[in-house]
file work00.pdb (PDB, C-alpha atoms)
ATOM      1  CA  MET G   1       0.000   0.000   0.000
ATOM      2  CA  SER G   2       2.855   2.387   0.803
ATOM      3  CA  ASP G   3       4.226   1.863  -2.728
ATOM      4  CA  LYS G   4       0.874   2.907  -4.216
ATOM      5  CA  ARG G   5       0.810   5.985  -1.962
ATOM      6  CA  GLN G   6       4.246   6.984  -3.226
ATOM      7  CA  LYS G   7       3.114   6.577  -6.831
ATOM      8  CA  LEU G   8       0.029   8.711  -6.164
ATOM      9  CA  ARG G   9       2.162  11.394  -4.473
ATOM     10  CA  ALA G  10       4.390  11.477  -7.560
ATOM     11  CA  ILE G  11       1.502  12.866  -9.610
ATOM     12  CA  PRO G  12       1.959  16.656 -10.020
ATOM     13  CA  GLY G  13      -0.635  18.975  -8.518
ATOM     14  CA  MET G  14      -3.092  20.906 -10.650
ATOM     15  CA  ASP G  15      -1.416  24.258  -9.921
ATOM     16  CA  ILE G  16       1.921  22.957 -11.217
ATOM     17  CA  LEU G  17       0.344  21.463 -14.340
ATOM     18  CA  LEU G  18      -1.537  24.674 -15.156
ATOM     19  CA  GLU G  19       1.759  26.573 -15.141
ATOM     20  CA  SER G  20       3.307  24.229 -17.721
ATOM     21  CA  ASP G  21       4.067  25.824 -21.084
ATOM     22  CA  TRP G  22       2.266  23.083 -23.023
ATOM     23  CA  VAL G  23      -0.897  23.664 -20.972
ATOM     24  CA  GLN G  24      -0.796  27.459 -21.107
ATOM     25  CA  SER G  25      -0.449  27.404 -24.886
ATOM     26  CA  TRP G  26      -3.995  25.951 -25.035
ATOM     27  CA  GLU G  27      -5.590  28.154 -22.396
ATOM     28  CA  LYS G  28      -6.529  30.966 -24.785
ATOM     29  CA  GLU G  29      -8.370  28.615 -27.134
ATOM     30  CA  LEU G  30     -10.140  26.368 -24.606
ATOM     31  CA  GLY G  31     -10.312  28.512 -21.477
ATOM     32  CA  ARG G  32      -8.911  27.719 -18.038
ATOM     33  CA  LEU G  33     -11.995  25.957 -16.703
ATOM     34  CA  ARG G  34     -12.218  23.576 -19.647
ATOM     35  CA  ILE G  35      -8.472  22.884 -19.464
ATOM     36  CA  LYS G  36      -8.822  22.024 -15.763
ATOM     37  CA  ARG G  37     -11.749  19.715 -16.488
ATOM     38  CA  ILE G  38      -9.784  17.792 -19.129
ATOM     39  CA  ILE G  39      -6.713  17.491 -16.909
ATOM     40  CA  ASN G  40      -8.857  16.322 -13.983
ATOM     41  CA  LEU G  41     -10.358  13.560 -16.112
ATOM     42  CA  GLU G  42      -6.900  12.413 -17.210
ATOM     43  CA  LEU G  43      -5.578  12.506 -13.622
ATOM     44  CA  SER G  44      -8.549  10.527 -12.322
ATOM     45  CA  ALA G  45      -7.912   7.829 -14.910
ATOM     46  CA  ILE G  46      -4.243   7.636 -13.881
ATOM     47  CA  ARG G  47      -5.072   7.457 -10.154
ATOM     48  CA  ASN G  48      -7.620   4.698 -10.704
ATOM     49  CA  ASN G  49      -5.119   2.764 -12.813
ATOM     50  CA  ILE G  50      -2.450   3.013 -10.099
ATOM     51  CA  ILE G  51      -4.905   1.860  -7.418
ATOM     52  CA  GLU G  52      -6.091  -1.122  -9.463
ATOM     53  CA  ASN G  53      -2.826  -2.092 -11.184
ATOM     54  CA  ASP G  54       0.364  -2.765  -9.217
ATOM     55  CA  GLU G  55       2.549  -2.119 -12.277
ATOM     56  CA  ALA G  56       0.986   1.235 -13.156
ATOM     57  CA  LYS G  57       2.690   4.557 -12.384
ATOM     58  CA  PHE G  58       2.584   8.182 -13.487
ATOM     59  CA  ASN G  59       4.431   8.801 -16.741
ATOM     60  CA  ALA G  60       4.867  12.511 -17.511
ATOM     61  CA  ASP G  61       5.282  12.076 -21.292
ATOM     62  CA  GLU G  62       2.278   9.767 -21.632
ATOM     63  CA  PHE G  63       0.181  12.128 -19.512
ATOM     64  CA  LYS G  64       1.205  15.127 -21.620
ATOM     65  CA  ASN G  65       0.441  13.341 -24.891
ATOM     66  CA  SER G  66      -2.917  12.160 -23.583
ATOM     67  CA  CYS G  67      -3.867  15.689 -22.475
ATOM     68  CA  LEU G  68      -2.742  17.230 -25.763
ATOM     69  CA  ALA G  69      -4.829  14.719 -27.718
ATOM     70  CA  ALA G  70      -7.828  15.632 -25.522
ATOM     71  CA  PHE G  71      -7.159  19.367 -26.067
ATOM     72  CA  ILE G  72      -7.084  18.895 -29.849
ATOM     73  CA  PHE G  73     -10.318  16.887 -29.752
ATOM     74  CA  ALA G  74     -12.026  19.501 -27.564
ATOM     75  CA  SER G  75     -10.967  22.319 -29.907
ATOM     76  CA  ARG G  76     -12.736  20.808 -32.921
ATOM     77  CA  PRO G  77     -16.477  21.221 -33.597
ATOM     78  CA  SER G  78     -18.419  18.203 -32.363
ATOM     79  CA  LEU G  79     -20.815  18.353 -35.322
ATOM     80  CA  LYS G  80     -19.185  17.043 -38.490
ATOM     81  CA  ARG G  81     -20.311  16.491 -42.048
ATOM     82  CA  VAL G  82     -20.998  12.816 -42.790
ATOM     83  CA  ILE G  83     -22.209  10.729 -45.711
ATOM     84  CA  ASN G  84     -25.670   9.222 -45.246
ATOM     85  CA  ALA G  85     -25.398   5.702 -46.646
ATOM     86  CA  THR G  86     -28.150   4.268 -44.434
ATOM     87  CA  GLY G  87     -30.897   4.273 -47.065
ATOM     88  CA  VAL G  88     -33.064   6.415 -44.753
ATOM     89  CA  VAL G  89     -33.452   9.889 -46.249
ATOM     90  CA  ILE G  90     -34.844  11.632 -43.149
ATOM     91  CA  HIS G  91     -32.568  10.103 -40.503
ATOM     92  CA  THR G  92     -33.001  11.376 -36.939
ATOM     93  CA  ASN G  93     -29.442  10.465 -35.929
ATOM     94  CA  LEU G  94     -27.936  12.207 -38.961
ATOM     95  CA  GLY G  95     -29.680  15.563 -38.639
ATOM     96  CA  ARG G  96     -33.035  14.614 -40.205
ATOM     97  CA  SER G  97     -33.963  16.650 -43.306
ATOM     98  CA  LEU G  98     -31.389  18.685 -45.168
ATOM     99  CA  ILE G  99     -32.022  22.425 -45.287
ATOM    100  CA  ALA G 100     -32.325  24.120 -48.672
ATOM    101  CA  ASP G 101     -29.626  26.628 -49.670
ATOM    102  CA  GLU G 102     -32.221  29.420 -49.731
ATOM    103  CA  ALA G 103     -33.202  28.638 -46.127
ATOM    104  CA  VAL G 104     -29.561  28.488 -45.016
ATOM    105  CA  ASP G 105     -28.886  31.865 -46.656
ATOM    106  CA  ALA G 106     -31.950  33.372 -44.995
ATOM    107  CA  MET G 107     -30.883  32.060 -41.564
ATOM    108  CA  THR G 108     -27.348  33.343 -42.059
ATOM    109  CA  GLN G 109     -28.517  36.820 -43.026
ATOM    110  CA  THR G 110     -30.943  36.991 -40.095
ATOM    111  CA  ALA G 111     -28.468  35.615 -37.544
ATOM    112  CA  LYS G 112     -25.838  38.229 -38.504
ATOM    113  CA  TYR G 113     -28.025  41.112 -37.348
ATOM    114  CA  TYR G 114     -30.644  42.006 -34.758
ATOM    115  CA  SER G 115     -34.124  40.961 -35.868
ATOM    116  CA  ASN G 116     -37.778  41.303 -34.909
ATOM    117  CA  LEU G 117     -37.804  37.792 -33.451
ATOM    118  CA  GLU G 118     -40.191  38.755 -30.650
ATOM    119  CA  TYR G 119     -41.120  42.277 -31.660
ATOM    120  CA  ASP G 120     -44.216  43.425 -33.518
ATOM    121  CA  LEU G 121     -42.922  46.200 -35.782
ATOM    122  CA  SER G 122     -46.382  47.396 -36.811
ATOM    123  CA  ALA G 123     -47.633  47.633 -33.219
ATOM    124  CA  GLY G 124     -44.336  48.895 -31.818
ATOM    125  CA  LYS G 125     -44.341  46.452 -28.919
ATOM    126  CA  ARG G 126     -43.309  42.937 -27.901
ATOM    127  CA  GLY G 127     -44.650  40.199 -30.165
ATOM    128  CA  GLN G 128     -44.639  36.399 -30.388
ATOM    129  CA  ARG G 129     -41.852  34.409 -32.062
ATOM    130  CA  ASN G 130     -44.400  31.864 -33.305
ATOM    131  CA  SER G 131     -46.012  34.545 -35.465
ATOM    132  CA  HIS G 132     -43.249  34.095 -38.060
ATOM    133  CA  VAL G 133     -44.283  30.492 -38.785
ATOM    134  CA  GLU G 134     -47.880  30.172 -37.599
ATOM    135  CA  ASP G 135     -49.518  31.625 -40.694
ATOM    136  CA  ILE G 136     -47.385  29.430 -42.974
ATOM    137  CA  LEU G 137     -48.180  26.255 -41.014
ATOM    138  CA  CYS G 138     -51.879  27.088 -40.903
ATOM    139  CA  SER G 139     -51.896  27.692 -44.668
ATOM    140  CA  ILE G 140     -50.222  24.345 -45.360
ATOM    141  CA  THR G 141     -52.219  22.233 -42.910
ATOM    142  CA  GLY G 142     -55.541  24.023 -42.620
ATOM    143  CA  ALA G 143     -55.106  24.318 -38.847
ATOM    144  CA  GLU G 144     -56.741  27.155 -36.918
ATOM    145  CA  ALA G 145     -53.545  27.812 -34.948
ATOM    146  CA  ALA G 146     -50.014  26.440 -34.795
ATOM    147  CA  MET G 147     -47.095  26.486 -32.390
ATOM    148  CA  VAL G 148     -43.475  25.341 -32.673
ATOM    149  CA  VAL G 149     -41.564  23.786 -29.759
ATOM    150  CA  ASN G 150     -38.327  21.803 -29.474
ATOM    151  CA  ASN G 151     -39.526  18.447 -30.799
ATOM    152  CA  ASN G 152     -42.581  16.232 -31.124
ATOM    153  CA  ALA G 153     -42.104  14.570 -27.740
ATOM    154  CA  GLY G 154     -42.042  18.044 -26.185
ATOM    155  CA  ALA G 155     -45.182  18.989 -28.121
ATOM    156  CA  VAL G 156     -47.023  15.875 -26.902
ATOM    157  CA  MET G 157     -46.044  16.498 -23.291
ATOM    158  CA  LEU G 158     -46.980  20.183 -23.509
ATOM    159  CA  ALA G 159     -50.412  19.367 -24.948
ATOM    160  CA  LEU G 160     -51.095  16.612 -22.407
ATOM    161  CA  SER G 161     -49.923  18.634 -19.409
ATOM    162  CA  ALA G 162     -52.074  21.588 -20.513
ATOM    163  CA  LEU G 163     -55.212  19.641 -21.401
ATOM    164  CA  ALA G 164     -55.113  16.293 -19.575
ATOM    165  CA  LYS G 165     -53.351  16.799 -16.249
ATOM    166  CA  ASN G 166     -54.991  14.694 -13.513
ATOM    167  CA  SER G 167     -57.359  13.148 -16.067
ATOM    168  CA  GLU G 168     -57.450  10.027 -18.230
ATOM    169  CA  VAL G 169     -56.105   9.665 -21.775
ATOM    170  CA  VAL G 170     -57.227   6.646 -23.806
ATOM    171  CA  VAL G 171     -54.634   4.980 -26.076
ATOM    172  CA  SER G 172     -54.653   1.736 -28.046
ATOM    173  CA  ARG G 173     -52.150  -0.892 -26.825
ATOM    174  CA  GLY G 174     -50.834  -1.205 -30.356
ATOM    175  CA  GLU G 175     -49.790   2.466 -30.240
ATOM    176  CA  ILE G 176     -47.967   2.496 -26.911
ATOM    177  CA  VAL G 177     -44.545   2.735 -28.515
ATOM    178  CA  GLU G 178     -41.037   3.953 -27.831
ATOM    179  CA  ILE G 179     -39.692   6.503 -30.315
ATOM    180  CA  GLY G 180     -36.170   7.847 -30.972
ATOM    181  CA  GLY G 181     -34.174   9.021 -27.970
ATOM    182  CA  SER G 182     -35.924   6.467 -25.696
ATOM    183  CA  PHE G 183     -39.085   8.568 -25.446
ATOM    184  CA  ARG G 184     -41.862   6.235 -24.378
ATOM    185  CA  ILE G 185     -45.530   7.146 -24.539
ATOM    186  CA  PRO G 186     -46.185   5.931 -20.941
ATOM    187  CA  ASP G 187     -43.238   8.000 -19.650
ATOM    188  CA  ILE G 188     -44.373  11.150 -21.464
ATOM    189  CA  MET G 189     -47.877  10.552 -20.138
ATOM    190  CA  GLU G 190     -46.613  10.184 -16.569
ATOM    191  CA  LEU G 191     -44.477  13.327 -16.789
ATOM    192  CA  SER G 192     -47.445  15.305 -18.096
ATOM    193  CA  GLY G 193     -49.573  14.318 -15.116
ATOM    194  CA  ALA G 194     -52.115  12.445 -17.270
ATOM    195  CA  LYS G 195     -53.249   8.883 -16.571
ATOM    196  CA  LEU G 196     -52.779   6.358 -19.368
ATOM    197  CA  ILE G 197     -55.767   4.092 -20.099
ATOM    198  CA  GLU G 198     -54.765   1.177 -22.345
ATOM    199  CA  ILE G 199     -57.427  -0.396 -24.536
ATOM    200  CA  GLY G 200     -57.720  -3.166 -27.107
ATOM    201  CA  THR G 201     -54.910  -5.561 -27.935
ATOM    202  CA  THR G 202     -51.551  -5.150 -29.621
ATOM    203  CA  ASN G 203     -52.912  -6.022 -33.074
ATOM    204  CA  ARG G 204     -56.622  -5.134 -32.884
ATOM    205  CA  THR G 205     -58.421  -2.202 -31.294
ATOM    206  CA  HIS G 206     -62.033  -1.341 -32.126
ATOM    207  CA  LEU G 207     -64.174   1.748 -31.710
ATOM    208  CA  PHE G 208     -66.145   0.042 -28.953
ATOM    209  CA  ASP G 209     -62.897  -0.334 -26.963
ATOM    210  CA  TYR G 210     -62.587   3.453 -26.894
ATOM    211  CA  GLU G 211     -66.286   3.841 -26.104
ATOM    212  CA  ARG G 212     -66.127   1.446 -23.136
ATOM    213  CA  ALA G 213     -63.047   3.216 -21.725
ATOM    214  CA  ILE G 214     -64.679   6.665 -21.554
ATOM    215  CA  THR G 215     -65.499   7.795 -18.022
ATOM    216  CA  GLU G 216     -66.181  11.116 -16.346
ATOM    217  CA  LYS G 217     -62.412  11.402 -15.818
ATOM    218  CA  THR G 218     -61.542  11.038 -19.532
ATOM    219  CA  SER G 219     -60.239  14.124 -21.328
ATOM    220  CA  ILE G 220     -58.537  12.910 -24.530
ATOM    221  CA  LEU G 221     -58.708  10.084 -27.054
ATOM    222  CA  LEU G 222     -55.114   9.862 -28.299
ATOM    223  CA  LYS G 223     -53.911   8.239 -31.516
ATOM    224  CA  VAL G 224     -50.142   7.656 -31.777
ATOM    225  CA  HIS G 225     -48.068   7.095 -34.907
ATOM    226  CA  PRO G 226     -46.220   3.758 -34.546
ATOM    227  CA  SER G 227     -43.001   5.189 -36.055
ATOM    228  CA  ASN G 228     -41.037   2.313 -37.654
ATOM    229  CA  PHE G 229     -43.059  -0.306 -35.780
ATOM    230  CA  ARG G 230     -45.512  -2.231 -37.972
ATOM    231  CA  ILE G 231     -47.944  -5.086 -37.437
ATOM    232  CA  GLU G 232     -49.306  -6.749 -40.557
ATOM    233  CA  GLY G 233     -51.994  -9.359 -41.104
ATOM    234  CA  PHE G 234     -54.819  -9.739 -38.583
ATOM    235  CA  THR G 235     -55.078  -6.105 -37.490
ATOM    236  CA  ALA G 236     -57.801  -3.526 -36.883
ATOM    237  CA  SER G 237     -58.052   0.089 -35.810
ATOM    238  CA  PRO G 238     -60.931   2.588 -36.067
ATOM    239  CA  GLU G 239     -61.015   5.362 -38.655
ATOM    240  CA  ARG G 240     -59.964   8.833 -37.528
ATOM    241  CA  LYS G 241     -63.345  10.315 -38.416
ATOM    242  CA  ASP G 242     -65.060   7.761 -36.176
ATOM    243  CA  LEU G 243     -62.685   8.508 -33.282
ATOM    244  CA  ALA G 244     -63.275  12.232 -33.766
ATOM    245  CA  LYS G 245     -67.058  11.732 -33.778
ATOM    246  CA  LEU G 246     -66.922   9.619 -30.618
ATOM    247  CA  ALA G 247     -64.710  12.163 -28.864
ATOM    248  CA  HIS G 248     -66.891  15.121 -29.812
ATOM    249  CA  GLU G 249     -70.108  13.340 -28.857
ATOM    250  CA  ASN G 250     -68.625  12.984 -25.366
ATOM    251  CA  ASN G 251     -67.165  16.506 -25.206
ATOM    252  CA  LEU G 252     -63.640  15.104 -25.393
ATOM    253  CA  ILE G 253     -60.540  16.084 -27.382
ATOM    254  CA  PHE G 254     -59.330  13.875 -30.220
ATOM    255  CA  MET G 255     -55.565  14.289 -30.426
ATOM    256  CA  GLU G 256     -53.054  12.640 -32.746
ATOM    257  CA  ASP G 257     -49.295  12.273 -32.373
ATOM    258  CA  ALA G 258     -48.419  12.060 -36.081
ATOM    259  CA  GLY G 259     -44.722  11.247 -35.625
ATOM    260  CA  SER G 260     -42.545  12.856 -38.288
ATOM    261  CA  GLY G 261     -45.615  14.221 -40.030
ATOM    262  CA  LEU G 262     -46.234  14.546 -43.770
ATOM    263  CA  LEU G 263     -47.020  17.983 -45.188
ATOM    264  CA  VAL G 264     -47.483  16.974 -48.838
ATOM    265  CA  GLU G 265     -49.105  13.991 -50.530
ATOM    266  CA  GLY G 266     -46.688  11.054 -50.701
ATOM    267  CA  GLU G 267     -47.580  10.453 -54.340
ATOM    268  CA  SER G 268     -46.366  13.939 -55.298
ATOM    269  CA  ILE G 269     -42.846  13.150 -54.050
ATOM    270  CA  ASN G 270     -42.809   9.566 -55.398
ATOM    271  CA  LEU G 271     -43.024   7.824 -52.044
ATOM    272  CA  PRO G 272     -43.783   4.092 -52.356
ATOM    273  CA  LYS G 273     -47.403   3.276 -51.463
ATOM    274  CA  ALA G 274     -46.335   1.338 -48.382
ATOM    275  CA  SER G 275     -44.518   4.423 -47.057
ATOM    276  CA  ARG G 276     -47.317   6.928 -47.630
ATOM    277  CA  ASP G 277     -48.732   8.312 -44.405
ATOM    278  CA  ILE G 278     -51.812  10.492 -44.195
ATOM    279  CA  THR G 279     -50.925  14.181 -44.400
ATOM    280  CA  ILE G 280     -51.325  16.553 -41.464
ATOM    281  CA  LYS G 281     -53.992  18.417 -43.429
ATOM    282  CA  ALA G 282     -55.995  15.220 -43.984
ATOM    283  CA  THR G 283     -55.638  14.323 -40.299
ATOM    284  CA  LEU G 284     -57.157  17.660 -39.305
ATOM    285  CA  GLU G 285     -59.877  17.290 -41.940
ATOM    286  CA  SER G 286     -60.739  13.909 -40.400
ATOM    287  CA  GLY G 287     -61.689  15.735 -37.203
ATOM    288  CA  ALA G 288     -58.546  15.804 -35.070
ATOM    289  CA  ASP G 289     -58.555  18.733 -32.633
ATOM    290  CA  ILE G 290     -54.804  18.697 -31.986
ATOM    291  CA  VAL G 291     -52.040  17.197 -34.138
ATOM    292  CA  THR G 292     -48.396  17.125 -33.065
ATOM    293  CA  PHE G 293     -45.551  16.205 -35.394
ATOM    294  CA  SER G 294     -41.853  16.769 -36.071
TER     295      SER G 294
END
call {"tool": "encode", "arguments": {"input": "work00.pdb", "output": "structure tokens"}}
result
Amino acid sequence: MSDKRQKLRAIPGMDILLESDWVQSWEKELGRLRIKRIINLELSAIRNNIIENDEAKFNADEFKNSCLAAFIFASRPSLKRVINATGVVIHTNLGRSLIADEAVDAMTQTAKYYSNLEYDLSAGKRGQRNSHVEDILCSITGAEAAMVVNNNAGAVMLALSALAKNSEVVVSRGEIVEIGGSFRIPDIMELSGAKLIEIGTTNRTHLFDYERAITEKTSILLKVHPSNFRIEGFTASPERKDLAKLAHENNLIFMEDAGSGLLVEGESINLPKASRDITIKATLESGADIVTFS
């Protein structure tokens, strides 16, 4: 044990390391706090290695090289251009949809200067940042109002917490899914304060299942896009218009989580028939009160 203590004492202190020329040469680029964090991580790894391995000891050259490699890595942007060879055009892990050059130019020009992000120029007072996109989204989808938040999971939780807190939300078992980033419908429901009521079976859910589940505590009938999950064969699910009618007859909200969402007809962009989802506009026309999508 005394030998290990001696090896640990041989490790230079942080104050000494920070005064080293090779450390100070990086301080301007990374900042002192980030430098200290990197060095601390490297020192912790060395200490743990000495404690667990009798042959291990502090090596100044190896430590320096390890720190310098970490400094170089930290100085480079974490987001890098990659080639998408997955076969999935809109890939969540690879940045989803590409942005058109015109949109990039518009963002660049706006970001370079102050803008009326939350200022109503005509009224001469504070405005709403959603006003810049709401009219466009309403025009495309036929919605009465629109709002943009961080992502679809955030939109679902916001809607549920605002409209279904301490009440029941009815969902088909076949739609209780986990989407990208480990977002699970039951978890989102729990965080929102709503109570999940599961109905039907994994492969078949009927309108009468929804009808039987409605109580005085029910607030929303929720339909959830299954993402990449598919069940084929002996399946059944009610039409949106029938769910909307049932909800409205009982003074309830019919809400749909439409996943990635489709703003144009799949046929117009040559999507295979099997990949064609209903558009957001058609979902609203079917009677949905609230539709969330990415």
call {"tool": "atom_distance", "arguments": {"input": "work00.pdb", "atom1": "CA of Thr92 in chain G", "atom2": "CA of Glu256 in chain G"}}
result
20.5 Å
call {"tool": "resolve_selection", "arguments": {"input": "work00.pdb", "expression": "the PyMOL selection byres ((chain G and resi 75) around 12)", "output": "VMD selection string"}}
result
chain G and resid 26 to 31 34 to 35 38 68 to 74 76 to 79
call {"tool": "closest_residue", "arguments": {"input": "work00.pdb", "among": "G:Leu252, G:Tyr210, G:Met147, G:Arg96", "to": "Ala164 in chain G", "atoms": "all atoms listed in the file"}}
result
G:Leu252
call {"tool": "resolve_selection", "arguments": {"input": "work00.pdb", "expression": "the PyMOL selection byres ((chain G and resi 14-20) around 12)", "output": "ChimeraX atom specification"}}
result
/G:11-13,21-27,31-44,60,63-64,67
call {"tool": "write_last_selection", "arguments": {"input": "work00.pdb", "atoms": "C-alpha atoms", "output": "mmCIF file, in the frame of the given file"}}
result
data_model
loop_
_atom_site.group_PDB
_atom_site.id
_atom_site.type_symbol
_atom_site.label_atom_id
_atom_site.label_comp_id
_atom_site.auth_asym_id
_atom_site.auth_seq_id
_atom_site.Cartn_x
_atom_site.Cartn_y
_atom_site.Cartn_z
ATOM 1 C CA ILE G 11 1.502 12.866 -9.610
ATOM 2 C CA PRO G 12 1.959 16.656 -10.020
ATOM 3 C CA GLY G 13 -0.635 18.975 -8.518
ATOM 4 C CA ASP G 21 4.067 25.824 -21.084
ATOM 5 C CA TRP G 22 2.266 23.083 -23.023
ATOM 6 C CA VAL G 23 -0.897 23.664 -20.972
ATOM 7 C CA GLN G 24 -0.796 27.459 -21.107
ATOM 8 C CA SER G 25 -0.449 27.404 -24.886
ATOM 9 C CA TRP G 26 -3.995 25.951 -25.035
ATOM 10 C CA GLU G 27 -5.590 28.154 -22.396
ATOM 11 C CA GLY G 31 -10.312 28.512 -21.477
ATOM 12 C CA ARG G 32 -8.911 27.719 -18.038
ATOM 13 C CA LEU G 33 -11.995 25.957 -16.703
ATOM 14 C CA ARG G 34 -12.218 23.576 -19.647
ATOM 15 C CA ILE G 35 -8.472 22.884 -19.464
ATOM 16 C CA LYS G 36 -8.822 22.024 -15.763
ATOM 17 C CA ARG G 37 -11.749 19.715 -16.488
ATOM 18 C CA ILE G 38 -9.784 17.792 -19.129
ATOM 19 C CA ILE G 39 -6.713 17.491 -16.909
ATOM 20 C CA ASN G 40 -8.857 16.322 -13.983
ATOM 21 C CA LEU G 41 -10.358 13.560 -16.112
ATOM 22 C CA GLU G 42 -6.900 12.413 -17.210
ATOM 23 C CA LEU G 43 -5.578 12.506 -13.622
ATOM 24 C CA SER G 44 -8.549 10.527 -12.322
ATOM 25 C CA ALA G 60 4.867 12.511 -17.511
ATOM 26 C CA PHE G 63 0.181 12.128 -19.512
ATOM 27 C CA LYS G 64 1.205 15.127 -21.620
ATOM 28 C CA CYS G 67 -3.867 15.689 -22.475
#
call {"tool": "atom_distance", "arguments": {"input": "work00.pdb", "atom1": "CA of Ala194 in chain G", "atom2": "CA of Ile280 in chain G"}}
result
24.6 Å
call {"tool": "resolve_selection", "arguments": {"input": "work00.pdb", "expression": "the PyMOL selection byres ((chain G and resi 293) around 8)", "output": "PyMOL selection string"}}
result
chain G and resi 151-152+155+257-261+291-292+294
call {"tool": "closest_atom_pairs", "arguments": {"input": "work00.pdb", "of": "range 106-173 of chain G", "to": "range 240-247 of chain G", "cutoff": "12 Å", "atoms": "all atoms listed in the file", "output": "tab-separated table"}}
result
residue	atom	partner	partner_atom	distance
G:Val169	CA	G:Ala247	CA	11.4
G:Val170	CA	G:Ala247	CA	10.6
G:Val171	CA	G:Leu243	CA	11.4
G:Ser172	CA	G:Leu243	CA	11.7
call {"tool": "write_last_selection", "arguments": {"input": "work00.pdb", "atoms": "C-alpha atoms", "output": "tab-separated table (two decimals), in the frame of the given file"}}
result
chain	number	residue	atom	x	y	z
G	169	VAL	CA	-56.10	9.66	-21.78
G	170	VAL	CA	-57.23	6.65	-23.81
G	171	VAL	CA	-54.63	4.98	-26.08
G	172	SER	CA	-54.65	1.74	-28.05
call {"tool": "residues_near_point", "arguments": {"input": "work00.pdb", "point": "(-55.8, 5.4, -34.6)", "cutoff": "12 Å", "atoms": "all atoms listed in the file", "output": "ChimeraX atom specification"}}
result
/G:170-176,199-200,203-207,209-210,221-226,235-244,254-258,278,283,286,288
call {"tool": "atom_distance", "arguments": {"input": "work00.pdb", "atom1": "CA of Thr108 in chain G", "atom2": "CA of Ala123 in chain G"}}
result
26.3 Å
call {"tool": "residues_near_point", "arguments": {"input": "work00.pdb", "point": "(-43.6, 30.8, -38.4)", "cutoff": "12 Å", "atoms": "only C-alpha atoms", "output": "number ranges by chain"}}
result
G: 117-118, 128-140, 145-149
call {"tool": "axis_aligned_box", "arguments": {"input": "work00.pdb", "around": "range 17-22 of chain G", "padding_each_side": "8 Å", "output": "JSON"}}
result
{"center_x": 1.3, "center_y": 24.0, "center_z": -18.7, "size_x": 21.6, "size_y": 21.1, "size_z": 24.7}
call {"tool": "residues_around", "arguments": {"input": "work00.pdb", "residues": "Val177 in chain G", "least_positions_apart": "6", "cutoff": "10 Å", "atoms": "only C-alpha atoms", "output": "JSON, numbers by chain"}}
result
{"G": [183, 184, 185, 186, 224, 225, 226, 227, 228, 229]}
call {"tool": "build_atoms", "arguments": {"input": "work00.pdb", "residues": "range 251-264 of chain G", "atoms": "N, CA and C atoms", "output": "PDB file, in the coordinates of the input"}}
result
ATOM      1  N   ASN G 251     -67.844  15.268 -25.612  1.00  0.00           N
ATOM      2  CA  ASN G 251     -67.165  16.506 -25.206  1.00  0.00           C
ATOM      3  C   ASN G 251     -65.702  16.273 -24.837  1.00  0.00           C
ATOM      4  N   LEU G 252     -65.046  15.418 -25.610  1.00  0.00           N
ATOM      5  CA  LEU G 252     -63.640  15.104 -25.393  1.00  0.00           C
ATOM      6  C   LEU G 252     -62.806  15.655 -26.545  1.00  0.00           C
ATOM      7  N   ILE G 253     -61.488  15.657 -26.351  1.00  0.00           N
ATOM      8  CA  ILE G 253     -60.540  16.084 -27.382  1.00  0.00           C
ATOM      9  C   ILE G 253     -60.019  14.851 -28.113  1.00  0.00           C
ATOM     10  N   PHE G 254     -59.988  14.914 -29.434  1.00  0.00           N
ATOM     11  CA  PHE G 254     -59.330  13.875 -30.220  1.00  0.00           C
ATOM     12  C   PHE G 254     -57.979  14.426 -30.661  1.00  0.00           C
ATOM     13  N   MET G 255     -56.922  13.810 -30.163  1.00  0.00           N
ATOM     14  CA  MET G 255     -55.565  14.289 -30.426  1.00  0.00           C
ATOM     15  C   MET G 255     -54.767  13.197 -31.129  1.00  0.00           C
ATOM     16  N   GLU G 256     -53.913  13.613 -32.059  1.00  0.00           N
ATOM     17  CA  GLU G 256     -53.054  12.640 -32.746  1.00  0.00           C
ATOM     18  C   GLU G 256     -51.600  13.070 -32.691  1.00  0.00           C
ATOM     19  N   ASP G 257     -50.744  12.126 -32.265  1.00  0.00           N
ATOM     20  CA  ASP G 257     -49.295  12.273 -32.373  1.00  0.00           C
ATOM     21  C   ASP G 257     -48.922  11.669 -33.721  1.00  0.00           C
ATOM     22  N   ALA G 258     -48.623  12.525 -34.705  1.00  0.00           N
ATOM     23  CA  ALA G 258     -48.419  12.060 -36.081  1.00  0.00           C
ATOM     24  C   ALA G 258     -46.961  11.743 -36.408  1.00  0.00           C
ATOM     25  N   GLY G 259     -46.120  11.616 -35.384  1.00  0.00           N
ATOM     26  CA  GLY G 259     -44.722  11.247 -35.625  1.00  0.00           C
ATOM     27  C   GLY G 259     -43.975  12.314 -36.407  1.00  0.00           C
ATOM     28  N   SER G 260     -43.306  11.904 -37.478  1.00  0.00           N
ATOM     29  CA  SER G 260     -42.545  12.856 -38.288  1.00  0.00           C
ATOM     30  C   SER G 260     -43.458  13.801 -39.049  1.00  0.00           C
ATOM     31  N   GLY G 261     -44.663  13.351 -39.356  1.00  0.00           N
ATOM     32  CA  GLY G 261     -45.615  14.221 -40.030  1.00  0.00           C
ATOM     33  C   GLY G 261     -45.333  14.354 -41.517  1.00  0.00           C
ATOM     34  N   LEU G 262     -46.377  14.408 -42.320  1.00  0.00           N
ATOM     35  CA  LEU G 262     -46.234  14.546 -43.770  1.00  0.00           C
ATOM     36  C   LEU G 262     -47.037  15.769 -44.208  1.00  0.00           C
ATOM     37  N   LEU G 263     -46.366  16.732 -44.813  1.00  0.00           N
ATOM     38  CA  LEU G 263     -47.020  17.983 -45.188  1.00  0.00           C
ATOM     39  C   LEU G 263     -47.526  17.980 -46.623  1.00  0.00           C
ATOM     40  N   VAL G 264     -47.032  17.066 -47.448  1.00  0.00           N
ATOM     41  CA  VAL G 264     -47.483  16.974 -48.838  1.00  0.00           C
ATOM     42  C   VAL G 264     -47.881  15.529 -49.128  1.00  0.00           C
TER      43      VAL G 264
END
